[in-house]
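*Asks:* Below you will find the structure I want to go over with you.
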There are 4 protein chains.
Amino acid sequence: MSSTLGTNYKISIFGESHGTAIGAVIDAPPPGLVIDMNQVLVQMARRAPDGKDGSTKRVEADTPHIQSGVLERDGVLTTTGAPLCVLIQNTNTRSSDYQNISHIARPAHADYTGYIHYSGYNDIRGGGHFSGRLTAPLVFAGAVARQALVQMGIRICAHIASIGDVCDAALDPCNIPSDVADRLSHSDFPVLDAVQEKLMKNEIERARMDADSVGGIIECAVTGIPAGIGAPIFDALECKIAHAVFGIPAVKGLEFGAGFELTKMRGSTANDPMRMQGDRVITTSNNNGGILGGITNGMPVLFRAAVKPTASIGLPQQSIDYAKNCDADLIIKGRHDACIVPRAVPVIEAAAAVAILDEIMAEGKYA
Amino acid sequence: MSSTLGTNYKISIFGESHGTAIGAVIDAPPPGLVIDMNQVLVQMARRAPDGKDGSTKRVEADTPHIQSGVLERDGVLTTTGAPLCVLIQNTNTRSSDYQNISHIARPAHADYTGYIHYSGYNDIRGGGHFSGRLTAPLVFAGAVARQALVQMGIRICAHIASIGDVCDAALDPCNIPSDVADRLSHSDFPVLDAVQEKLMKNEIERARMDADSVGGIIECAVTGIPAGIGAPIFDALECKIAHAVFGIPAVKGLEFGAGFELTKMRGSTANDPMRMQGDRVITTSNNNGGILGGITNGMPVLFRAAVKPTASIGLPQQSIDYAKNCDADLIIKGRHDACIVPRAVPVIEAAAAVAILDEIMAEGKYA
Amino acid sequence: MSSTLGTNYKISIFGESHGTAIGAVIDAPPPGLVIDMNQVLVQMARRAPDGKDGSTKRVEADTPHIQSGVLERDGVLTTTGAPLCVLIQNTNTRSSDYQNISHIARPAHADYTGYIHYSGYNDIRGGGHFSGRLTAPLVFAGAVARQALVQMGIRICAHIASIGDVCDAALDPCNIPSDVADRLSHSDFPVLDAVQEKLMKNEIERARMDADSVGGIIECAVTGIPAGIGAPIFDALECKIAHAVFGIPAVKGLEFGAGFELTKMRGSTANDPMRMQGDRVITTSNNNGGILGGITNGMPVLFRAAVKPTASIGLPQQSIDYAKNCDADLIIKGRHDACIVPRAVPVIEAAAAVAILDEIMAEGKYA
Amino acid sequence: MSSTLGTNYKISIFGESHGTAIGAVIDAPPPGLVIDMNQVLVQMARRAPDGKDGSTKRVEADTPHIQSGVLERDGVLTTTGAPLCVLIQNTNTRSSDYQNISHIARPAHADYTGYIHYSGYNDIRGGGHFSGRLTAPLVFAGAVARQALVQMGIRICAHIASIGDVCDAALDPCNIPSDVADRLSHSDFPVLDAVQEKLMKNEIERARMDADSVGGIIECAVTGIPAGIGAPIFDALECKIAHAVFGIPAVKGLEFGAGFELTKMRGSTANDPMRMQGDRVITTSNNNGGILGGITNGMPVLFRAAVKPTASIGLPQQSIDYAKNCDADLIIKGRHDACIVPRAVPVIEAAAAVAILDEIMAEGKYA
């Protein structure tokens with residue numbers, strides 16, 4: 001019943017799309033962590049709707065204001081180890097866009113389910129607490145977590161594996177060079193193949209022209225993670241990552257390594273052969289996505305998340321009025337992202353970062 | 001760091017494949033729940049390796065012995081509301097089968113990762129705490145949970161959606177009749193299409209003949225669940241189910257509703273149209289798998305889990321000796337399931353039952 | 001490792017004495033709860049240092065600013081059921097008072113232990129996250145919880161049972177009339193006996209004149225709580241209340257009912273005789289403080305908390321410099337409460353309210 | 001709603017007085033811990049009712065049977081790091097003793113509150129899950145925890161501070177020599193002053209002769225614990241210990257250091273002066289019980305728990321029949337401890353051990 005995740009790097013997310021502010025409490029970052037706010041802002045900007053191709057034109061500042069848990073020490077922002085609260089003001093909301101929705105549920109949104117769950121008391125303006133805007137504090141928490149992880153040599157990057165039917169080139173599951181990881185994790189439209197990027201953007205543009213929307217798949221890699229992180233059964237690293245990633249609105253699928261493709265392989269192909277590489281244990285393929293028995297094996301952790309097409313579309317839709325209990329048709333006005341996949345990339349990375357740092361801290365292995 | 005799940009119907013699983021006993025504590029079933037042990041045993045038997053087609057021949061009793069939390073009242077077994085501990089003795093273990101494994105890691109198993117995680121102290125006989133045998137107490141906990149849920153009209157059933165490339169017919173995502181649900185949830189090889197069943201069994205038999213293995217997809221449906229169960233963000237019902245399902249060994253993927261297929265749809269197709277059916281809100285398609293904004297909408301909850309091919313195969317494999325830090329090849333002796341998918345069906349159902357009952361109880365909606 | 005409490009009415013407290021702001025996230029109040037902000041401000045004011053007898057003169061606004069989780073509906077402030085974040089700005093801080101403390105630990109404060117725990121990174125200005133000021137968001141969360149509880153007929157009140165050796169009259173443990181409860185829970189110096197109040201204030205004034213401090217005992221009663229709330233063993237209501245109350249700085253003891261006095265009674269005296277009063281079960285004494293086996297019996301829940309004398313005193317003290325690792329004497333400058341007991345009363349009440357509402361919600365008994 | 005405690009050394013207790021077995025799952029002990037079963041049995045025996053002075057004569061074996069989580073390695077019992085389940089069979093139960101109780105509540109017991117909480121479904125034989133017998137698995141978990149702690153130089157001991165009005169000599173709060181700690185933690189009636197021991201036993205014998213009972217205070221010390229363990233606010237070490245200790249039936253009070261006596265001291269006396277002792281920070285008194293701001297300061301952690309007189313007495317008592325809703329008088333037959341304080345000593349020590357090991361593991365400081 002809560003928007004809370006984790007034990008040692010616990011995050012508690014709050015806010016509504018059109019309320020005073022959204023934000024999060026992180027309880028707590030490791031003490032003494034230097035926060036590079038520029039890097040945080042880069043991640044916030046990747047998620048923010050700023051007029052990039054395919055994203056909504058509503059301008060939001062999304063500037064994080066840290067309320068607690070940090071000190072300026074020797075000119076650098078450093079965590080104290082106490083809970084860090086971040087606030088992001090809501091501004092420039094045009095609630096008139098949402099006036100005509102009233103109690104007609106937007107299909108594929110949480111309007112009706114939220115109404116039932118909260119007995120009709122929830123804030124429905126702009127989706128309220130269900131809004132995709134609530135991923136902004138998650139990106140903040142992830143950006144801080146990444147800075148902690150990178151000190152251990154752990155990097156997180158993702159690319160857009162597909163938009164509709166258009167697929168990017170594949171990541172090498174056994175070897176993701178740092179420069180590729182760095183480039184992807186700073187890009188607004190991270191792909192490996194520039195030709196496919198163009199085709200993807202065309203796909204999005206076509207959907208927009210049709211007042212429709214399109215989804216896609218995000219593939220995420222965690223490199224440099226040591227073997228031994230995770231646990232059997234319900235504390236499997238897959239459980240931890242899944243719990244975080246399915247908390248992101250619009251994610252409807254998740255697979256590790258070869259995932260659903262594994263079901264079509266025989267064991268002799270699926271099983272990743274093991275070899276020594278110097279004094280390091282490696283596998284020569286990575287169908288298991290770097291996790292065996294819920295525990296990392298030292299190979300990159302790989303997962304893919306399915307992001308459904310934006311629920312808000314401009315076409316007329318069949319719906320119901322949940323106050324009047326009658327059928328009602330609906331046209332959603334206002335501008336909306338024809339595709340949220342590019343903006344979802346930093347959110348997926350953030351969810352992974354938060355889940356992995358929490359696990360590492362819970363195991364007493366943060367150093 | 002624990003084999004524990006849930007808050008109100010909390011389960012804590014313990015044991016190793018070749019230890020004294022395995023089992024679980026359920027803290028706690030609702031008081032006054034009548035337990036039909038025959039139904040529990042049916043579910044245990046579906047999971048147990050009993051010489052059914054495609055399963056290992058090792059005979060295990062898998063009889064659950066309840067230690068606490070129940071009373072015989074008026075001739076029926078009734079929960080008291082106190083923690084229920086169930087024990088399943090380990091018998092007939094042939095550890096000699098595992099003698100020659102020593103410290104050569106079985107690929108795609110947790111031998112190496114468990115060794116690192118537990119600093120070399122874990123019990124490796126038969127996979128120890130990582131063994132698929134540890135799903136037996138989960139099936140028990142699920143069987144009890146199902147009996148609580150069915151009193152609320154909630155049924156859980158699953159079928160084998162595919163084995164390798166062979167696919168079953170599709171479930172109607174909007175309407176799963178009780179008799180179909182009942183038949184599937186009592187079957188040892190639950191499929192909708194008998195012709196496909198034969199092809200699936202052939203596929204398994206071919207893998208066995210090749211000393212190889214094959215995986216598959218299990219599709220699970222939860223019917224009769226009322227609208228309003230779940231919560232936004234990290235307490236989304238998807239998060240709860242994912243946390244439970246990824247705790248099952250060999251599950252490497254999970255999708256809700258149309259899942260990854262959603263990424264290829266446009267919003268106008270993906271969005272499930274809403275209509276009133278009498279005084280009930282329904283959707284005329286169910287691409288979102290009965291969950292919007294993390295909360296049920298009253299339609300069947302649908303998800304599909306990818307089960308990788310059995311890691312233990314009879315073919316020679318490349319591996320390493322993690323004690324000697326050198327390459328080492330490996331042939332796994334003994335009999336093993338060529339396909340664990342049929343036995344995994346009741347485990348998937350159990351994970352869903354446990355996650356959903358826990359959520360319903362945590363919301364104070366169990367009645 | 002966290003400043004978080006509870007499961008269903010979960011609070012996450014953040015902030016430092018001299019940081020930007022302090023506050024809390026409450027995840028989440030029951031939806032549809034009308035919040036009377038005047039009543040909230042009354043409780044905040046009881047805790048605030050506002051120049052009342054015996055309290056520090058530092059003026060702090062302590063105005064709570066709600067960021068999320070509420071809507072103005074029909075002219076009244078109503079919870080939505082989403083997480084409620086409250087912010088209290090820090091203003092008018094005079095950090096120069098703390099300049100000369102540097103790394104000389106203030107005895108009986110957390111200066112040294114915080115330094116060790118946080119590896120030297122914690123914010124020491126004004127005690128940082130350890131400051132008594134962090135009880136302000138707890139009082140807010142308690143004030144909201146009380147408004148939810150009172151709708152079920154549950155009231156929480158406390159009085160100052162003693163200051164030093166001066167004792168108030170005793171509460172009747174079996175019967176606390178509503179008017180008494182109301183008067184106490186709105187008073188700045190809640191006592192039953194006006195003569196003792198004068199003596200208590202004299203005791204505080206004498207300590208102040210001596211540049212010293214004095215402690216006391218707070219007795220708290222929860223009336224109208226139905227039988228059946230709580231659970232055996234570690235979810236005993238005593239555990240829940242204790243976990244909350246020992247989270248308040250300066251509390252060093254807690255007893256339920258007759259508490260330590262019970263150890264001097266024989267069972268024949270200690271055991272509370274039971275009788276029917278109409279169709280209600282009562283006890284004719286209440287030595288067990290309304291809790292048996294961790295569960296309420298329908299009598300008032302009673303507990304007493306020991307509050308140590310204010311750690312900050314004006315007299316010279318022996319200490320150490322934890323940066324230089326040498327002995328160092330210390331005189332704490334600035335004004336400080338000679339006795340924090342009166343201001344601690346609403347904090348104790350708040351902790352009880354939060355713990356009890358959380359338990360009632362977790363049991364699905366909130367109505 | 002659960003009999004579960006902790007995060008990293010999580011214990012889940014199950015069973016009823018007259019059920020098949022009681023026990024606990026510990027999820028999980030640190031891997032590689034050598035368990036000295038003799039030392040475990042010593043602690044189990046201290047708690048067991050074995051005909052020692054003042055204890056009930058019912059003979060119970062209380063032999064712990066480990067089901068999982070250990071391996072015999074090189075002739076020694078070693079934890080694997082997987083969940084450890086321990087089972088203690090219930091034998092020799094004479095339920096006829098309880099036949100005449102039926103639905104007349106035993107005053108100061110949980111009969112009535114359990115009946116309400118569990119809607120009448122709980123097992124009332126011998127107190128069911130509320131029975132003091134459920135402390136046996138806690139003592140087991142504590143005995144294992146102590147063996148982990150002692151490797152870090154942390155010892156836990158307690159003595160009987162008082163029985164009724166008879167008080168033992170005081171522990172030196174700043175210095176508890178290892179030999180004293182060892183003697184106390186192996187004694188069946190641990191006291192410092194042999195003369196007082198005799199008077200205490202007389203006090204118990206007098207109560208027994210009167211068919212009555214008597215309570216007492218147990219003082220517990222944790223020595224060798226390093227500075228820095230614990231956290232501010234709700235993860236204060238006081239919170240953790242209180243949560244565990246109030247889970248023990250019959251405990252109705254808890255104080256740290258000078259506790260309630262602190263309320264009568266002035267700050268100038270209560271504040272423990274700090275000094276360097278070589279390169280170690282000490283305090284020259286220990287009124288704060290080794291904890292400041294919720295965090296250890298390196299001095300012994302000291303607390304005192306109030307144990308109420310045994311609720312079961314042989315004298316006639318006023319009660320009610322909660323099935324018939326009428327007044328009913330009661331005489332409890334059978335033999336019962338006139339004083340459970342001596343048997344509660346190892347239980348208190350165990351609760352402290354479990355709470356402290358869990359905190360140390362959660363902070364990643366177990367080594």
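By order in the structure tokens, chains are A, B, ...; within a chain, residues start at 1; ligands start at 1, following the order shown.
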Can you tell me, as a list in words, what residues are no more than 8 Å from Lys10 of chain A when counting only C-alpha atoms, ignoring any on the same chain fewer than 4 positions away?
*Replies:*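 These residues fall inside the cut-off: Thr4, Leu5, Gly6, Val25, Ile26, Asp27, Ala28 and Asp358 of chain A.
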*Asks:* Give me the residues within 7 Å of Asp235 of chain B as a ChimeraX atom specification, counting only C-alpha atoms and dropping any in the same chain fewer than 4 places off.
*Replies:* /A:1-3 /B:230-231,239-240
*Asks:* Give me every strand (DSSP E) residue in segment 33-236 of chain D, going by DSSP on the backbone, as a ChimeraX atom specification.
*Replies:* /D:64-66,70-73,76-79,84-89,155-163,166-167,216-223
*Asks:* Take the selection from the previous step and output its residues with C-alpha atoms, as a PDB file, in the first residue's frame.
*Replies:*
ATOM      1  CA  PRO D  64      16.273 -28.647  19.388  1.00  0.00           C
ATOM      2  CA  HIS D  65      16.340 -30.535  16.088  1.00  0.00           C
ATOM      3  CA  ILE D  66      17.937 -28.568  13.278  1.00  0.00           C
ATOM      4  CA  VAL D  70      23.844 -26.429   8.709  1.00  0.00           C
ATOM      5  CA  LEU D  71      26.433 -28.927   7.580  1.00  0.00           C
ATOM      6  CA  GLU D  72      28.736 -31.164   9.510  1.00  0.00           C
ATOM      7  CA  ARG D  73      32.149 -30.090   8.206  1.00  0.00           C
ATOM      8  CA  VAL D  76      31.960 -29.519  13.416  1.00  0.00           C
ATOM      9  CA  LEU D  77      28.473 -28.142  12.882  1.00  0.00           C
ATOM     10  CA  THR D  78      28.720 -25.130  10.592  1.00  0.00           C
ATOM     11  CA  THR D  79      26.080 -22.811   9.201  1.00  0.00           C
ATOM     12  CA  LEU D  84      18.149 -22.483   9.614  1.00  0.00           C
ATOM     13  CA  CYS D  85      14.962 -24.153  10.829  1.00  0.00           C
ATOM     14  CA  VAL D  86      14.874 -25.600  14.314  1.00  0.00           C
ATOM     15  CA  LEU D  87      12.125 -27.844  15.630  1.00  0.00           C
ATOM     16  CA  ILE D  88      11.302 -28.696  19.230  1.00  0.00           C
ATOM     17  CA  GLN D  89       8.796 -31.483  19.644  1.00  0.00           C
ATOM     18  CA  ARG D 155      29.177 -10.839  25.312  1.00  0.00           C
ATOM     19  CA  ILE D 156      25.684 -10.759  26.753  1.00  0.00           C
ATOM     20  CA  CYS D 157      24.873 -11.531  30.361  1.00  0.00           C
ATOM     21  CA  ALA D 158      22.062 -10.790  32.765  1.00  0.00           C
ATOM     22  CA  HIS D 159      21.314 -11.178  36.430  1.00  0.00           C
ATOM     23  CA  ILE D 160      18.188 -11.162  38.520  1.00  0.00           C
ATOM     24  CA  ALA D 161      18.141  -7.596  39.785  1.00  0.00           C
ATOM     25  CA  SER D 162      15.157  -8.225  42.036  1.00  0.00           C
ATOM     26  CA  ILE D 163      12.467 -10.704  43.042  1.00  0.00           C
ATOM     27  CA  VAL D 166      14.506  -8.323  47.322  1.00  0.00           C
ATOM     28  CA  CYS D 167      17.291  -6.746  45.296  1.00  0.00           C
ATOM     29  CA  GLY D 216      11.052  -9.422  39.342  1.00  0.00           C
ATOM     30  CA  ILE D 217      13.490  -7.369  37.352  1.00  0.00           C
ATOM     31  CA  ILE D 218      16.190  -8.681  35.049  1.00  0.00           C
ATOM     32  CA  GLU D 219      19.186  -6.526  34.278  1.00  0.00           C
ATOM     33  CA  CYS D 220      21.077  -7.297  31.094  1.00  0.00           C
ATOM     34  CA  ALA D 221      24.474  -6.087  29.901  1.00  0.00           C
ATOM     35  CA  VAL D 222      26.073  -6.230  26.480  1.00  0.00           C
ATOM     36  CA  THR D 223      29.814  -5.829  26.736  1.00  0.00           C
TER      37      THR D 223
END
*Asks:* Please identify all residues of chain B having at least one atom at most 6 Å from any atom of chain D, considering only C-alpha atoms, and return them as a short mmCIF file (atom, residue, chain, number, x, y, z; two decimals) with all heavy atoms, in the first residue's frame.
*Replies:*
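Everything below was put into out_12.cif:
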data_model
loop_
_atom_site.label_atom_id
_atom_site.label_comp_id
_atom_site.auth_asym_id
_atom_site.auth_seq_id
_atom_site.Cartn_x
_atom_site.Cartn_y
_atom_site.Cartn_z
N SER B 2 16.93 -12.93 2.19
CA SER B 2 16.11 -13.91 2.88
C SER B 2 15.14 -14.58 1.93
O SER B 2 14.82 -14.05 0.88
CB SER B 2 15.32 -13.23 4.00
OG SER B 2 14.22 -12.55 3.47
N PHE B 14 12.48 -22.69 3.94
CA PHE B 14 13.78 -23.18 4.41
C PHE B 14 14.05 -24.57 3.84
O PHE B 14 13.15 -25.24 3.36
CB PHE B 14 13.81 -23.23 5.94
CG PHE B 14 12.74 -24.08 6.56
CD1 PHE B 14 12.92 -25.45 6.73
CD2 PHE B 14 11.55 -23.52 6.97
CE1 PHE B 14 11.92 -26.23 7.28
CE2 PHE B 14 10.54 -24.30 7.53
CZ PHE B 14 10.72 -25.66 7.69
N GLY B 15 15.30 -24.97 3.93
CA GLY B 15 15.67 -26.34 3.58
C GLY B 15 16.63 -26.44 2.42
O GLY B 15 16.86 -25.49 1.69
N GLY B 19 19.11 -32.05 2.75
CA GLY B 19 19.13 -31.88 4.19
C GLY B 19 18.07 -32.75 4.86
O GLY B 19 17.48 -33.63 4.23
N THR B 20 17.80 -32.48 6.11
CA THR B 20 16.82 -33.28 6.86
C THR B 20 15.41 -33.06 6.32
O THR B 20 14.69 -34.00 6.04
CB THR B 20 16.86 -32.89 8.35
OG1 THR B 20 18.21 -33.06 8.82
CG2 THR B 20 15.92 -33.76 9.16
N ALA B 21 15.03 -31.82 6.20
CA ALA B 21 13.68 -31.51 5.74
C ALA B 21 13.66 -30.14 5.10
O ALA B 21 14.53 -29.31 5.33
CB ALA B 21 12.70 -31.55 6.92
N ASP B 27 2.98 -17.04 8.00
CA ASP B 27 2.63 -16.19 9.15
C ASP B 27 1.82 -15.01 8.65
O ASP B 27 2.37 -13.99 8.29
CB ASP B 27 3.92 -15.77 9.84
CG ASP B 27 3.68 -15.10 11.18
OD1 ASP B 27 2.53 -14.74 11.49
OD2 ASP B 27 4.65 -14.93 11.92
N PRO B 31 -7.55 -16.76 10.28
CA PRO B 31 -8.12 -17.74 11.22
C PRO B 31 -9.45 -18.28 10.72
O PRO B 31 -10.22 -17.56 10.08
CB PRO B 31 -8.31 -16.92 12.51
CG PRO B 31 -8.31 -15.50 12.11
CD PRO B 31 -7.50 -15.40 10.85
N GLY B 32 -9.69 -19.54 11.01
CA GLY B 32 -10.99 -20.13 10.65
C GLY B 32 -11.06 -20.65 9.24
O GLY B 32 -12.15 -21.06 8.80
N GLN B 67 3.00 -28.63 11.38
CA GLN B 67 3.51 -28.65 12.75
C GLN B 67 2.73 -27.72 13.67
O GLN B 67 2.78 -27.86 14.89
CB GLN B 67 4.98 -28.21 12.75
CG GLN B 67 5.88 -29.00 11.84
CD GLN B 67 6.01 -30.45 12.28
OE1 GLN B 67 6.30 -30.72 13.44
NE2 GLN B 67 5.73 -31.38 11.38
N SER B 68 2.06 -26.74 13.13
CA SER B 68 1.46 -25.71 13.99
C SER B 68 0.42 -24.93 13.21
O SER B 68 0.36 -25.00 11.98
CB SER B 68 2.54 -24.75 14.47
OG SER B 68 3.10 -24.05 13.37
N THR B 80 -5.84 -21.69 12.86
CA THR B 80 -6.10 -20.98 14.11
C THR B 80 -5.82 -19.48 13.96
O THR B 80 -6.27 -18.69 14.77
CB THR B 80 -5.19 -21.51 15.23
OG1 THR B 80 -3.82 -21.26 14.85
CG2 THR B 80 -5.39 -23.00 15.45
N PRO B 83 0.96 -18.79 13.27
CA PRO B 83 1.82 -19.23 12.17
C PRO B 83 1.70 -20.72 11.90
O PRO B 83 1.70 -21.53 12.83
CB PRO B 83 3.23 -18.87 12.67
CG PRO B 83 3.03 -17.77 13.64
CD PRO B 83 1.71 -18.03 14.29
N TYR B 118 28.05 -17.36 -0.52
CA TYR B 118 28.12 -17.93 0.83
C TYR B 118 29.56 -18.21 1.26
O TYR B 118 29.78 -18.98 2.20
CB TYR B 118 27.29 -19.21 0.90
CG TYR B 118 25.80 -18.97 0.82
CD1 TYR B 118 25.03 -19.45 -0.22
CD2 TYR B 118 25.16 -18.24 1.82
CE1 TYR B 118 23.67 -19.22 -0.29
CE2 TYR B 118 23.79 -18.00 1.76
CZ TYR B 118 23.06 -18.50 0.71
OH TYR B 118 21.70 -18.26 0.66
N TYR B 121 30.54 -21.81 2.04
CA TYR B 121 29.96 -22.61 3.12
C TYR B 121 28.63 -23.25 2.76
O TYR B 121 28.07 -24.01 3.55
CB TYR B 121 29.78 -21.74 4.37
CG TYR B 121 31.09 -21.39 5.02
CD1 TYR B 121 31.66 -20.14 4.88
CD2 TYR B 121 31.79 -22.36 5.76
CE1 TYR B 121 32.87 -19.83 5.47
CE2 TYR B 121 33.00 -22.05 6.36
CZ TYR B 121 33.53 -20.78 6.21
OH TYR B 121 34.73 -20.49 6.80
N ASN B 122 28.07 -22.94 1.58
CA ASN B 122 26.74 -23.46 1.27
C ASN B 122 26.75 -24.96 1.00
O ASN B 122 27.78 -25.55 0.67
CB ASN B 122 26.15 -22.72 0.06
CG ASN B 122 27.01 -22.83 -1.17
OD1 ASN B 122 28.22 -22.68 -1.09
ND2 ASN B 122 26.39 -23.08 -2.32
#
*Asks:* Need to verify the contact set: Glu261 of chain B, 12 Å, only C-alpha atoms, exclusion of same-chain residues closer than 2 positions in sequence. Can you return it as a PyMOL selection string?
*Replies:* (chain A and resi 162-165+214-217+252-253+260+305-309) or (chain B and resi 255-259+263-266+269-270+287-288+304)
*Asks:* Take the residues just selected and output them with C-alpha atoms as a tab-separated table (two decimals), in the first residue's frame.
*Replies:*
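Saved the output as selection35.tsv:
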chain	number	residue	atom	x	y	z
A	162	SER	CA	12.92	-1.40	-30.39
A	163	ILE	CA	10.17	1.07	-31.21
A	164	GLY	CA	7.20	-0.78	-32.60
A	165	ASP	CA	8.71	-3.23	-35.04
A	214	VAL	CA	3.65	3.55	-30.10
A	215	GLY	CA	5.63	1.52	-27.55
A	216	GLY	CA	8.97	-0.18	-27.44
A	217	ILE	CA	11.54	-2.24	-25.58
A	252	LYS	CA	4.24	-4.57	-18.81
A	253	GLY	CA	7.06	-7.05	-19.37
A	260	PHE	CA	11.46	-15.46	-23.48
A	305	ALA	CA	11.59	-4.06	-20.27
A	306	ALA	CA	8.47	-3.81	-22.43
A	307	VAL	CA	6.97	-0.30	-22.45
A	308	LYS	CA	3.43	-0.14	-23.72
A	309	PRO	CA	2.30	2.59	-26.15
B	255	GLU	CA	4.84	-10.27	-18.92
B	256	PHE	CA	1.34	-9.06	-18.08
B	257	GLY	CA	-1.47	-9.10	-20.60
B	258	ALA	CA	-0.09	-8.80	-24.10
B	259	GLY	CA	3.28	-7.96	-22.54
B	263	THR	CA	5.38	-2.83	-27.75
B	264	LYS	CA	4.42	-3.57	-31.35
B	265	MET	CA	0.86	-2.27	-31.02
B	266	ARG	CA	-0.32	1.25	-31.40
B	269	THR	CA	-5.12	-1.09	-30.43
B	270	ALA	CA	-3.41	-1.62	-27.09
B	287	ASN	CA	-4.13	-6.32	-23.38
B	288	ASN	CA	-3.28	-4.82	-20.00
B	304	ARG	CA	3.08	-15.28	-18.76
*Asks:* At a cut-off of 9 Å, using only C-alpha atoms, what residues contact Pro300 of chain D? Leave out same-chain residues fewer than 3 positions from it and give the result as a PyMOL selection string.
*Replies:* chain D and resi 173-176+221-225+286+289-291+296-297
*Asks:* Pick from A:Arg275, A:Lys201, A:Lys324, A:Arg133: nearest to Met44 of chain A, with only C-alpha atoms counted?
*Replies:*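 Nearest to Met44 of chain A: A:Arg133.
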*Asks:* How many Å lie between atom CA of Asp210 of chain B and atom CA of Ile320 of chain B, rounded to one decimal?
*Replies:*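 Separating atom CA of Asp210 of chain B from atom CA of Ile320 of chain B is a distance of 23.7 Å.
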*Asks:* What does the distance from atom CA of Leu292 of chain A to atom CA of Ile248 of chain B come to in Å, to one decimal?
*Replies:* 11.8 Å
*Asks:* From the set A:Ala145, A:Ser268, A:Gly228, A:Gly247, which residue has the shortest atom-to-atom contact distance to Lys365 of chain A, counting only C-alpha atoms?
*Replies:*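 Smallest separation from Lys365 of chain A among the options: A:Gly228.
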*Asks:* If you run DSSP on the backbone, which residues of segment 177-225 of chain A are helix (DSSP H, G or I), as a PyMOL selection string?
*Replies:* chain A and resi 178-184+194-209
